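Below: my_file_39.txt (compact mmCIF, C-alpha atoms and all ligand atoms)
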# COMPACT_ATOMS: atom_id res chain seq x y z
CA MET A 1 -27.33 1.60 5.23
CA SER A 2 -23.91 2.02 6.78
CA ASP A 3 -25.65 1.73 10.18
CA GLN A 4 -25.25 -2.00 9.66
CA LEU A 5 -21.48 -1.53 9.89
CA LYS A 6 -21.56 0.56 13.05
CA ASP A 7 -19.85 -1.02 16.04
CA THR A 8 -18.46 -3.91 13.97
CA GLY A 9 -14.74 -4.75 13.86
CA PHE A 10 -12.43 -3.56 11.11
CA THR A 11 -12.22 -6.89 9.26
CA THR A 12 -15.99 -7.34 9.36
CA ARG A 13 -16.42 -3.90 7.87
CA LEU A 14 -13.89 -4.57 5.11
CA VAL A 15 -15.60 -7.78 4.10
CA HIS A 16 -19.12 -6.35 4.02
CA ALA A 17 -18.45 -2.76 2.94
CA ASP A 18 -19.10 -3.13 -0.80
CA ARG A 19 -22.34 -5.05 -0.35
CA ILE A 20 -23.74 -2.74 2.31
CA LEU A 21 -22.50 0.66 1.17
CA ASN A 22 -23.14 0.18 -2.54
CA SER A 23 -26.17 -2.19 -2.61
CA PRO A 24 -25.32 -3.90 -5.90
CA GLU A 25 -28.25 -5.47 -7.76
CA ASP A 26 -29.40 -9.11 -7.67
CA GLY A 27 -27.86 -9.85 -4.30
CA SER A 28 -24.36 -9.51 -5.80
CA VAL A 29 -21.71 -9.15 -3.12
CA HIS A 30 -19.46 -7.10 -5.43
CA SER A 31 -20.28 -3.92 -7.30
CA PRO A 32 -19.99 -4.86 -10.98
CA VAL A 33 -17.28 -3.63 -13.34
CA ASN A 34 -18.76 -0.77 -15.30
CA SER A 35 -16.77 -0.11 -18.47
CA SER A 36 -19.15 2.43 -19.99
CA VAL A 37 -17.54 5.75 -20.87
CA LEU A 38 -20.82 7.51 -21.64
CA PHE A 39 -24.20 7.65 -19.92
CA ASN A 40 -27.49 8.07 -21.74
CA TYR A 41 -30.39 10.16 -20.42
CA PRO A 42 -33.63 9.88 -22.46
CA LYS A 43 -34.75 13.19 -20.90
CA VAL A 44 -32.06 15.70 -21.77
CA GLU A 45 -33.03 17.78 -18.72
CA ASP A 46 -31.59 14.99 -16.56
CA LEU A 47 -28.22 15.26 -18.30
CA VAL A 48 -28.29 19.04 -17.90
CA ASP A 49 -29.03 18.73 -14.17
CA ILE A 50 -26.03 16.44 -13.73
CA PHE A 51 -23.76 18.86 -15.58
CA GLN A 52 -25.01 21.71 -13.43
CA GLY A 53 -24.47 19.73 -10.23
CA LYS A 54 -28.16 19.90 -9.29
CA VAL A 55 -28.48 16.12 -9.04
CA ALA A 56 -25.87 13.40 -8.56
CA GLY A 57 -25.13 11.19 -11.55
CA HIS A 58 -22.53 10.25 -14.12
CA ALA A 59 -21.97 12.08 -17.40
CA TYR A 60 -18.57 10.90 -18.64
CA ALA A 61 -16.22 8.31 -17.11
CA ARG A 62 -13.21 10.63 -16.87
CA THR A 63 -15.06 12.52 -14.11
CA SER A 64 -17.11 9.73 -12.53
CA SER A 65 -18.48 6.24 -13.03
CA SER A 66 -20.32 3.74 -10.87
CA SER A 67 -17.24 1.51 -10.38
CA GLN A 68 -15.23 4.54 -9.28
CA SER A 69 -17.90 5.76 -6.86
CA ALA A 70 -18.36 2.24 -5.42
CA LEU A 71 -14.62 2.20 -4.61
CA GLN A 72 -14.80 5.72 -3.18
CA ASN A 73 -17.64 4.76 -0.84
CA ILE A 74 -15.58 1.83 0.43
CA MET A 75 -12.39 3.86 0.89
CA THR A 76 -14.16 6.75 2.63
CA HIS A 77 -15.51 4.21 5.10
CA VAL A 78 -12.16 2.41 5.49
CA GLU A 79 -10.26 5.64 6.26
CA GLY A 80 -13.04 7.05 8.43
CA GLY A 81 -13.37 10.18 6.30
CA LYS A 82 -16.20 12.23 4.82
CA ALA A 83 -15.68 11.77 1.07
CA SER A 84 -13.04 10.59 -1.35
CA LEU A 85 -11.94 10.70 -4.95
CA ALA A 86 -10.25 7.83 -6.80
CA PHE A 87 -7.53 8.24 -9.44
CA ALA A 88 -5.57 6.16 -11.95
CA SER A 89 -2.56 5.85 -9.64
CA GLY A 90 -1.08 7.15 -6.43
CA MET A 91 0.92 9.75 -8.36
CA ALA A 92 -2.25 10.94 -10.13
CA ALA A 93 -3.92 11.43 -6.72
CA ILE A 94 -0.93 13.25 -5.20
CA SER A 95 -0.25 15.54 -8.16
CA ALA A 96 -3.93 16.39 -8.75
CA THR A 97 -4.50 17.17 -5.06
CA ILE A 98 -1.50 19.46 -4.69
CA LEU A 99 -1.99 21.22 -8.02
CA SER A 100 -5.69 21.78 -7.30
CA LEU A 101 -5.10 23.38 -3.92
CA LEU A 102 -1.91 25.45 -4.24
CA GLU A 103 -0.93 28.29 -6.56
CA ALA A 104 2.13 30.39 -7.42
CA GLY A 105 3.36 32.22 -4.32
CA ASP A 106 2.25 29.49 -1.90
CA HIS A 107 4.68 27.60 0.30
CA LEU A 108 4.63 23.85 0.89
CA ILE A 109 6.55 22.10 3.67
CA ALA A 110 7.29 18.54 2.64
CA SER A 111 9.13 15.60 4.11
CA ARG A 112 12.74 15.14 3.03
CA PHE A 113 12.05 11.42 2.93
CA VAL A 114 9.46 10.79 0.25
CA PHE A 115 8.83 8.29 -2.52
CA GLY A 116 11.22 9.02 -5.42
CA ASN A 117 8.59 10.05 -7.96
CA THR A 118 6.90 12.27 -5.38
CA ALA A 119 10.29 13.90 -4.73
CA THR A 120 10.76 14.72 -8.42
CA PHE A 121 7.15 15.95 -8.65
CA LEU A 122 7.84 18.32 -5.73
CA GLN A 123 10.85 19.66 -7.63
CA SER A 124 8.59 20.39 -10.61
CA LEU A 125 6.35 22.55 -8.40
CA LYS A 126 9.10 25.18 -8.36
CA ARG A 127 8.52 25.68 -12.10
CA PHE A 128 4.98 26.79 -11.26
CA GLY A 129 6.08 29.24 -8.56
CA ILE A 130 5.19 27.03 -5.60
CA GLU A 131 7.94 27.20 -3.00
CA VAL A 132 8.89 23.90 -1.34
CA THR A 133 10.94 23.42 1.84
CA LEU A 134 12.05 19.87 2.63
CA VAL A 135 12.37 19.03 6.32
CA ASP A 136 13.12 16.11 8.63
CA VAL A 137 9.58 15.20 9.68
CA THR A 138 10.64 12.89 12.49
CA ASP A 139 10.50 16.03 14.67
CA VAL A 140 7.66 18.57 14.67
CA GLU A 141 10.13 21.33 15.60
CA GLN A 142 11.62 21.14 12.08
CA VAL A 143 8.18 21.87 10.63
CA LYS A 144 7.73 24.83 12.98
CA ILE A 145 11.12 26.26 11.95
CA ALA A 146 10.23 25.95 8.24
CA LYS A 147 6.81 27.62 8.59
CA GLN A 148 6.40 30.91 6.69
CA ASP A 149 3.49 33.36 6.38
CA ASN A 150 2.58 31.82 3.01
CA THR A 151 2.74 28.17 4.15
CA ARG A 152 -0.50 26.53 3.00
CA MET A 153 0.25 22.83 3.28
CA VAL A 154 2.38 20.21 5.01
CA PHE A 155 2.91 16.98 3.09
CA LEU A 156 4.57 13.82 4.39
CA GLU A 157 4.62 10.04 4.35
CA THR A 158 3.98 8.03 7.51
CA ILE A 159 6.91 5.61 7.24
CA ALA A 160 9.54 6.60 4.70
CA ASN A 161 11.00 4.34 2.10
CA PRO A 162 13.69 2.88 2.14
CA VAL A 163 15.22 4.07 5.44
CA THR A 164 11.91 3.69 7.40
CA GLN A 165 11.95 7.03 9.25
CA VAL A 166 8.67 7.46 11.14
CA ALA A 167 7.06 10.91 10.96
CA ASP A 168 6.04 12.77 14.12
CA LEU A 169 2.50 12.41 12.80
CA LYS A 170 0.35 13.44 15.73
CA ALA A 171 2.41 16.43 16.83
CA ILE A 172 2.60 17.72 13.24
CA GLY A 173 -1.17 17.21 12.88
CA GLU A 174 -1.82 19.24 16.01
CA TYR A 175 0.50 22.00 14.82
CA CYS A 176 -1.19 22.17 11.39
CA ASP A 177 -4.58 22.27 13.10
CA GLU A 178 -3.51 25.15 15.32
CA GLN A 179 -2.01 27.06 12.34
CA GLN A 180 -4.85 26.19 9.92
CA ILE A 181 -2.43 24.61 7.45
CA VAL A 182 -3.65 21.77 5.23
CA TYR A 183 -2.15 18.50 6.50
CA LEU A 184 -1.79 16.09 3.57
CA VAL A 185 -0.72 12.61 4.69
CA ASP A 186 0.46 9.91 2.27
CA ASN A 187 -0.69 6.82 4.15
CA THR A 188 0.44 4.24 1.59
CA MET A 189 2.89 2.55 3.99
CA THR A 190 0.46 2.31 6.90
CA PRO A 191 -3.05 1.75 5.51
CA ALA A 192 -6.03 2.15 7.85
CA SER A 193 -5.49 -1.18 9.64
CA ILE A 194 -2.07 0.12 10.82
CA LEU A 195 -2.68 3.86 11.26
CA ASN A 196 -5.96 5.58 12.08
CA SER A 197 -5.51 8.84 10.15
CA GLN A 198 -8.25 10.48 12.24
CA SER A 199 -6.06 10.12 15.31
CA VAL A 200 -3.34 12.28 13.74
CA LYS A 201 -5.78 14.98 12.54
CA ALA A 202 -5.03 14.58 8.83
CA SER A 203 -6.92 17.05 6.62
CA LEU A 204 -6.56 14.85 3.55
CA VAL A 205 -5.17 11.34 3.22
CA VAL A 206 -3.66 10.17 -0.06
CA ASN A 207 -2.94 6.56 -0.76
CA SER A 208 -1.42 4.55 -3.57
CA LEU A 209 -4.16 1.92 -3.82
CA THR A 210 -1.74 -0.01 -6.04
CA LYS A 211 0.19 -1.13 -2.97
CA TYR A 212 -1.32 -2.60 0.20
CA ILE A 213 -4.97 -1.69 -0.48
CA ALA A 214 -5.24 -3.61 -3.77
CA GLY A 215 -2.52 -5.90 -2.48
CA HIS A 216 -2.09 -8.38 -5.32
CA GLY A 217 -0.05 -6.52 -7.93
CA ASN A 218 -2.90 -6.50 -10.45
CA ALA A 219 -4.27 -2.95 -10.42
CA LEU A 220 -3.01 0.64 -10.29
CA GLY A 221 -5.00 3.21 -8.37
CA GLY A 222 -4.86 6.17 -6.02
CA ILE A 223 -7.22 7.97 -3.69
CA VAL A 224 -7.60 11.18 -1.74
CA VAL A 225 -9.87 11.08 1.30
CA GLU A 226 -11.28 14.17 3.04
CA MET A 227 -11.14 13.56 6.79
CA GLY A 228 -13.49 16.26 8.09
CA ASN A 229 -10.83 18.00 10.19
CA PHE A 230 -10.18 21.17 8.19
CA LYS A 231 -12.29 24.32 7.67
CA TRP A 232 -12.24 24.53 3.89
CA SER A 233 -14.62 27.47 3.89
CA GLU A 234 -11.77 29.48 5.45
CA PHE A 235 -9.10 28.21 3.05
CA ALA A 236 -8.11 31.02 0.70
CA ARG A 237 -7.53 28.68 -2.26
CA ILE A 238 -11.11 27.37 -2.50
CA GLU A 239 -12.63 28.95 -5.58
CA SER A 240 -15.77 31.02 -5.11
CA GLY A 241 -17.70 28.64 -7.38
CA PHE A 242 -17.47 25.90 -4.73
CA ALA A 243 -18.16 28.10 -1.69
CA HIS A 244 -21.90 27.28 -1.59
CA LEU A 245 -21.20 23.58 -0.91
CA PRO A 246 -20.95 21.97 2.55
CA ASP A 247 -17.44 22.35 3.96
CA PHE A 248 -15.91 18.96 3.10
CA GLN A 249 -17.51 18.92 -0.35
CA GLN A 250 -15.83 22.20 -1.29
CA VAL A 251 -12.40 20.64 -1.43
CA ILE A 252 -13.58 17.41 -3.04
CA ALA A 253 -15.41 19.37 -5.76
CA GLN A 254 -12.33 21.48 -6.43
CA ILE A 255 -9.99 18.48 -6.66
CA LYS A 256 -12.56 16.68 -8.80
CA LYS A 257 -12.91 19.48 -11.34
CA ARG A 258 -9.42 21.00 -11.36
CA GLY A 259 -7.55 17.76 -10.69
CA LEU A 260 -9.44 14.68 -11.83
CA ARG A 261 -11.54 16.13 -14.66
CA ASP A 262 -9.09 18.68 -16.08
CA MET A 263 -5.90 16.61 -15.67
CA GLY A 264 -7.60 13.35 -16.56
CA GLY A 265 -5.98 10.73 -14.32
CA CYS A 266 -9.14 8.66 -13.84
CA ILE A 267 -9.25 5.06 -12.62
CA SER A 268 -10.68 2.42 -14.99
CA GLY A 269 -13.76 0.43 -14.00
CA GLN A 270 -11.73 -2.78 -14.06
CA SER A 271 -9.04 -1.39 -11.74
CA ALA A 272 -11.59 0.12 -9.35
CA HIS A 273 -13.23 -3.29 -9.11
CA LEU A 274 -9.95 -5.13 -8.46
CA VAL A 275 -9.01 -2.64 -5.73
CA SER A 276 -12.45 -3.01 -4.12
CA VAL A 277 -12.00 -6.79 -3.98
CA GLY A 278 -8.39 -6.56 -2.81
CA VAL A 279 -9.18 -4.34 0.17
CA GLU A 280 -11.45 -7.00 1.69
CA THR A 281 -8.40 -8.84 3.08
CA LEU A 282 -6.40 -5.74 4.02
CA ALA A 283 -6.48 -6.32 7.78
CA LEU A 284 -5.50 -9.98 7.50
CA ARG A 285 -2.65 -9.23 5.15
CA THR A 286 -1.44 -6.34 7.30
CA THR A 287 -1.23 -8.45 10.43
CA ARG A 288 0.54 -11.20 8.57
CA PHE A 289 3.19 -9.16 6.78
CA SER A 290 3.87 -7.09 9.91
CA GLU A 291 4.52 -10.34 11.84
CA ASN A 292 6.68 -11.71 9.03
CA ALA A 293 8.66 -8.47 8.76
CA LEU A 294 9.34 -8.33 12.50
CA ALA A 295 10.50 -11.96 12.58
CA LEU A 296 12.80 -11.37 9.60
CA ALA A 297 14.10 -8.08 11.01
CA GLN A 298 15.08 -9.85 14.23
CA TYR A 299 16.69 -12.71 12.32
CA LEU A 300 18.66 -10.41 10.01
CA ASP A 301 19.67 -8.08 12.84
CA ALA A 302 21.54 -10.99 14.45
CA HIS A 303 23.15 -12.19 11.19
CA PRO A 304 26.92 -11.52 10.85
CA LYS A 305 26.69 -10.81 7.09
CA VAL A 306 24.14 -8.03 7.64
CA LYS A 307 25.59 -4.70 8.76
CA LYS A 308 22.35 -2.89 9.58
CA VAL A 309 18.60 -3.50 9.57
CA TYR A 310 16.06 -0.69 9.18
CA TYR A 311 12.67 -1.62 10.62
CA PRO A 312 10.50 0.43 13.03
CA GLY A 313 9.63 -2.72 14.98
CA LEU A 314 13.22 -3.14 16.23
CA GLU A 315 13.94 -1.55 19.59
CA SER A 316 17.14 -0.08 18.13
CA HIS A 317 15.15 1.92 15.53
CA PRO A 318 15.40 5.68 16.30
CA GLN A 319 11.59 6.13 16.22
CA HIS A 320 10.61 2.78 17.71
CA GLN A 321 8.76 4.35 20.66
CA LEU A 322 6.94 6.79 18.39
CA ALA A 323 5.96 3.96 16.02
CA LYS A 324 4.59 1.98 18.97
CA THR A 325 2.27 4.81 19.97
CA LEU A 326 1.08 5.51 16.41
CA PHE A 327 0.72 2.16 14.71
CA CYS A 328 -0.92 -1.20 15.08
CA GLY A 329 1.97 -3.33 13.76
CA PHE A 330 5.10 -1.89 12.12
CA GLY A 331 4.35 -2.47 8.44
CA GLY A 332 6.02 -4.50 5.73
CA ILE A 333 8.95 -2.33 4.63
CA LEU A 334 12.31 -3.54 5.84
CA SER A 335 15.70 -2.51 4.48
CA ILE A 336 19.17 -3.88 5.12
CA ASP A 337 22.78 -2.92 4.51
CA LEU A 338 24.90 -5.95 3.77
CA GLN A 339 28.47 -6.09 5.08
CA ASP A 340 30.84 -4.43 2.59
CA ASN A 341 32.41 -7.75 1.59
CA VAL A 342 29.10 -9.40 0.64
CA ASP A 343 28.23 -9.26 -3.07
CA CYS A 344 24.76 -7.72 -3.10
CA PHE A 345 23.70 -8.90 -6.57
CA ALA A 346 25.00 -12.45 -6.09
CA PHE A 347 23.09 -12.64 -2.80
CA MET A 348 19.88 -11.39 -4.41
CA ASN A 349 20.23 -13.83 -7.28
CA ARG A 350 20.43 -16.73 -4.81
CA MET A 351 16.99 -15.96 -3.35
CA LYS A 352 14.34 -18.48 -4.35
CA LEU A 353 11.12 -16.99 -2.95
CA VAL A 354 12.00 -13.29 -2.81
CA LEU A 355 11.36 -11.64 -6.16
CA ASN A 356 13.63 -8.98 -7.67
CA ALA A 357 10.98 -6.38 -8.42
CA THR A 358 10.18 -2.72 -7.90
CA HIS A 359 6.85 -2.65 -6.16
CA LEU A 360 5.65 -2.90 -2.59
CA GLY A 361 2.60 -3.97 -0.67
CA ASP A 362 2.27 -7.22 -2.60
CA THR A 363 1.29 -10.62 -1.21
CA ARG A 364 4.76 -11.80 -2.34
CA THR A 365 8.03 -10.66 -0.76
CA LEU A 366 9.97 -8.35 -3.07
CA GLY A 367 13.52 -7.02 -2.92
CA ILE A 368 15.34 -4.26 -4.76
CA PRO A 369 18.93 -2.87 -4.60
CA VAL A 370 18.15 0.77 -3.81
CA ALA A 371 21.23 2.71 -5.02
CA HIS A 372 21.25 0.98 -8.41
CA THR A 373 17.54 1.37 -9.19
CA ILE A 374 14.98 3.59 -7.45
CA PHE A 375 17.67 6.08 -6.32
CA TYR A 376 19.96 5.67 -9.35
CA ASP A 377 19.03 9.15 -10.65
CA ILE A 378 20.33 10.71 -7.44
CA ALA A 379 24.09 11.32 -7.12
CA GLN A 380 25.97 9.03 -4.71
CA GLN A 381 26.86 11.97 -2.43
CA GLU A 382 23.19 12.96 -2.18
CA ARG A 383 22.21 9.34 -1.56
CA GLU A 384 24.71 9.08 1.27
CA LYS A 385 23.18 12.19 2.87
CA MET A 386 19.84 10.38 2.69
CA GLY A 387 21.38 7.42 4.50
CA ILE A 388 21.38 5.16 1.44
CA SER A 389 24.48 3.01 1.15
CA GLN A 390 25.82 1.32 -1.99
CA ASN A 391 24.62 -2.12 -0.93
CA MET A 392 21.28 -1.35 0.69
CA ILE A 393 18.42 -3.67 -0.25
CA ARG A 394 14.80 -2.70 0.34
CA TYR A 395 12.28 -5.44 0.98
CA SER A 396 8.52 -5.37 0.89
CA ILE A 397 7.60 -8.34 3.04
CA GLY A 398 4.71 -10.49 1.84
CA ILE A 399 2.33 -12.94 3.45
CA GLU A 400 4.29 -16.17 2.86
CA ASP A 401 4.94 -18.50 5.79
CA SER A 402 7.52 -16.86 7.99
CA LYS A 403 9.71 -19.97 8.31
CA ASP A 404 9.99 -20.20 4.51
CA LEU A 405 11.09 -16.59 4.24
CA ILE A 406 13.71 -16.98 6.96
CA ALA A 407 14.94 -20.20 5.33
CA ASP A 408 15.28 -18.41 1.99
CA PHE A 409 17.41 -15.64 3.52
CA GLU A 410 19.42 -18.23 5.44
CA GLN A 411 20.38 -20.22 2.34
CA ALA A 412 21.11 -17.09 0.27
CA LEU A 413 23.36 -15.63 2.98
CA ALA A 414 25.19 -18.92 3.65
C1 LIG B 1 4.07 3.85 -4.84
C2 LIG B 1 3.87 5.04 -4.02
C3 LIG B 1 3.27 6.18 -4.55
C4 LIG B 1 2.81 6.25 -5.99
O1 LIG B 1 1.79 5.36 -6.26
P1 LIG B 1 1.50 4.76 -7.72
O2 LIG B 1 0.21 4.06 -7.55
O3 LIG B 1 2.64 3.86 -8.07
O4 LIG B 1 1.41 5.94 -8.63
C5 LIG B 1 3.09 7.26 -3.72
N1 LIG B 1 3.50 7.25 -2.45
C6 LIG B 1 4.09 6.17 -1.90
C7 LIG B 1 4.49 6.21 -0.47
C8 LIG B 1 4.31 5.04 -2.68
O5 LIG B 1 4.91 3.97 -2.13
Please go through the file and, once you have read it, give me the structure as structure tokens.
Ligand SMILES: *Cc1c(COP(=O)(O)O)cnc(C)c1O
Amino acid sequence: MSDQLKDTGFTTRLVHADRILNSPEDGSVHSPVNSSVLFNYPKVEDLVDIFQGKVAGHAYARTSSSSQSALQNIMTHVEGGKASLAFASGMAAISATILSLLEAGDHLIASRFVFGNTATFLQSLKRFGIEVTLVDVTDVEQVKIAKQDNTRMVFLETIANPVTQVADLKAIGEYCDEQQIVYLVDNTMTPASILNSQSVKASLVVNSLTKYIAGHGNALGGIVVEMGNFKWSEFARIESGFAHLPDFQQVIAQIKKRGLRDMGGCISGQSAHLVSVGVETLALRTTRFSENALALAQYLDAHPKVKKVYYPGLESHPQHQLAKTLFCGFGGILSIDLQDNVDCFAFMNRMKLVLNATHLGDTRTLGIPVAHTIFYDIAQQEREKMGISQNMIRYSIGIEDSKDLIADFEQALA
């Protein structure tokens, strides 16, 4: 079936993926929302075979459902992987993946610049005996220095939020490959239309579907995609019960049973459906918000009331050259420091189109004062070490008309 999508462009594949990969009934172009929790098998032997993994099928919606598997088929195709597993949220996907694959005594190297809730989750790992070293992932050498004999995994985000550091993705991927370390990449900031995760040798890609993939602020979801680059049969943490499966299925089965089933963070049929529809316009939205963000970054960079602009598309950005080689477009996250004498809240309250909201990847442009909200739990001294000033604002640039966005900033800064 997916032969029909071979050799077609990315947007074509997004638009036709659900119809072709999932063959919904009646000529429907969308897989339907399936809200059933239970599945009935008139022959009990069929139910038994599903439980025992002898045939594919659904038994209970916490582990699998047709809406969830329809979304998984689409996302596996979009990321260019082998298989995937959907979750209730990005955090459910990240926590289930890490907790399914590491155990007490293992060492994880993680980026120092990660999403706030991921950072606090990584702190919790210490309570379970998993050692975590945080490093500056803009340079592969830092990862090499942190490597220990018990290092099992490297985890990072592609473009960090809010300071927009770009990870040395390809070099770290090559190093993990050489060392046989699991390379777990959170690709939320640079979904497949911006970064081809295959090109950086990711072992597993995790994504908050809630953000750019769903795109419209109407569904929570997360996914982990197996990319076919890692020898799971040689990974010491795969349980013997999964060792008979083909390589890539070993890790998916383990995350499915230990993570999704046992921890329970499953995606609802309704959310899976909304994400599947949202992803159809991913490439169009990506191009648009990347263009809008670059235009705004250039405008703000030249504005006297703005002290500093953080955006990988600006030539002054420390990883601009790296970003150019890795990405198609520079994404929609842009942060600014206002001049010290500009009242940050008064400025934000003057905006007419830009919403004050904590989310990103939406069709609408959103702004948030970082120190007072998403990094409020972190002491000011710590924040300053992370490069977060008192009046930094983080924007997630939407798909509005660029001239309207610039005009909105212009009037609010005047
Ligand atoms: C939002 C986000 C997450 C968490 O996703 P949720 O769907 O909100 O749970 C993880 N990583 C990154 C980079 C994010 O931006």
At a cut-off of 12 Å, using all atoms listed in the file, what residues contact Asn207 (chain A)? Leave out same-chain residues fewer than 3 positions from it and give the result as JSON, numbers by chain.
{"A": [75, 76, 78, 79, 84, 85, 86, 87, 88, 89, 90, 91, 92, 93, 94, 95, 97, 156, 157, 158, 184, 185, 186, 187, 188, 189, 190, 191, 192, 197, 204, 210, 211, 212, 213, 214, 220, 221, 222, 223, 224, 225, 226, 361]}
Would you kindly return, as a VMD selection string, each protein, DNA or RNA residue with an atom no farther than 9 Å from any atom of region 15-20 of chain A, considering all atoms listed in the file and excluding same-chain residues fewer than 6 positions away?
chain A and resid 1 to 2 4 to 5 27 to 31 70 to 71 73 to 74 77 to 78 276 to 277 279 to 281
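Nearest residue to ligand LIG 1 (chain B), choosing from A:Ser199, A:Ser208, A:Thr12, A:Gln72 and counting all atoms listed in the file: A:Ser208.
Interatomic distance, CA of Ile172 (chain A) to CA of Ser111 (chain A): 11.4 Å.
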Restricting the calculation to all atoms listed in the file, which member of A:Ile145, A:Leu21, A:Leu209, A:Ala412 is positioned closest to Arg350 (chain A)?
A:Ala412
Spatial sel., origin (15.8, -2.1, 2.2), limit 12 Å, all atoms listed in the file, listed as number ranges by chain:
A: 160-164, 293, 297, 300, 306, 308-311, 332-338, 344, 358, 360, 365-371, 374-375, 387-397
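Atom to atom, CA of Ile252 (chain A) and CA of Ser268 (chain A) stand 19.4 Å apart.
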Need to verify the contact set: Ser240 (chain A), 12 Å, only C-alpha atoms, exclusion of same-chain residues closer than 6 positions in sequence. Can you return it as a PyMOL selection string?
chain A and resi 232-234+250-251+253-254
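CA of Phe330 (chain A) sits 14.6 Å away from CA of Leu282 (chain A).
In this comparison, which uses all atoms listed in the file, the residue of A:His359, A:His244, A:His273, A:Arg285 approaching ligand LIG 1 (chain B) most closely is A:His359.
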Write out as a ChimeraX atom specification the residues lying within 9 Å of Arg258 (chain A), counting all atoms listed in the file and excluding same-chain residues fewer than 6 positions away.
/A:96-97,99-101
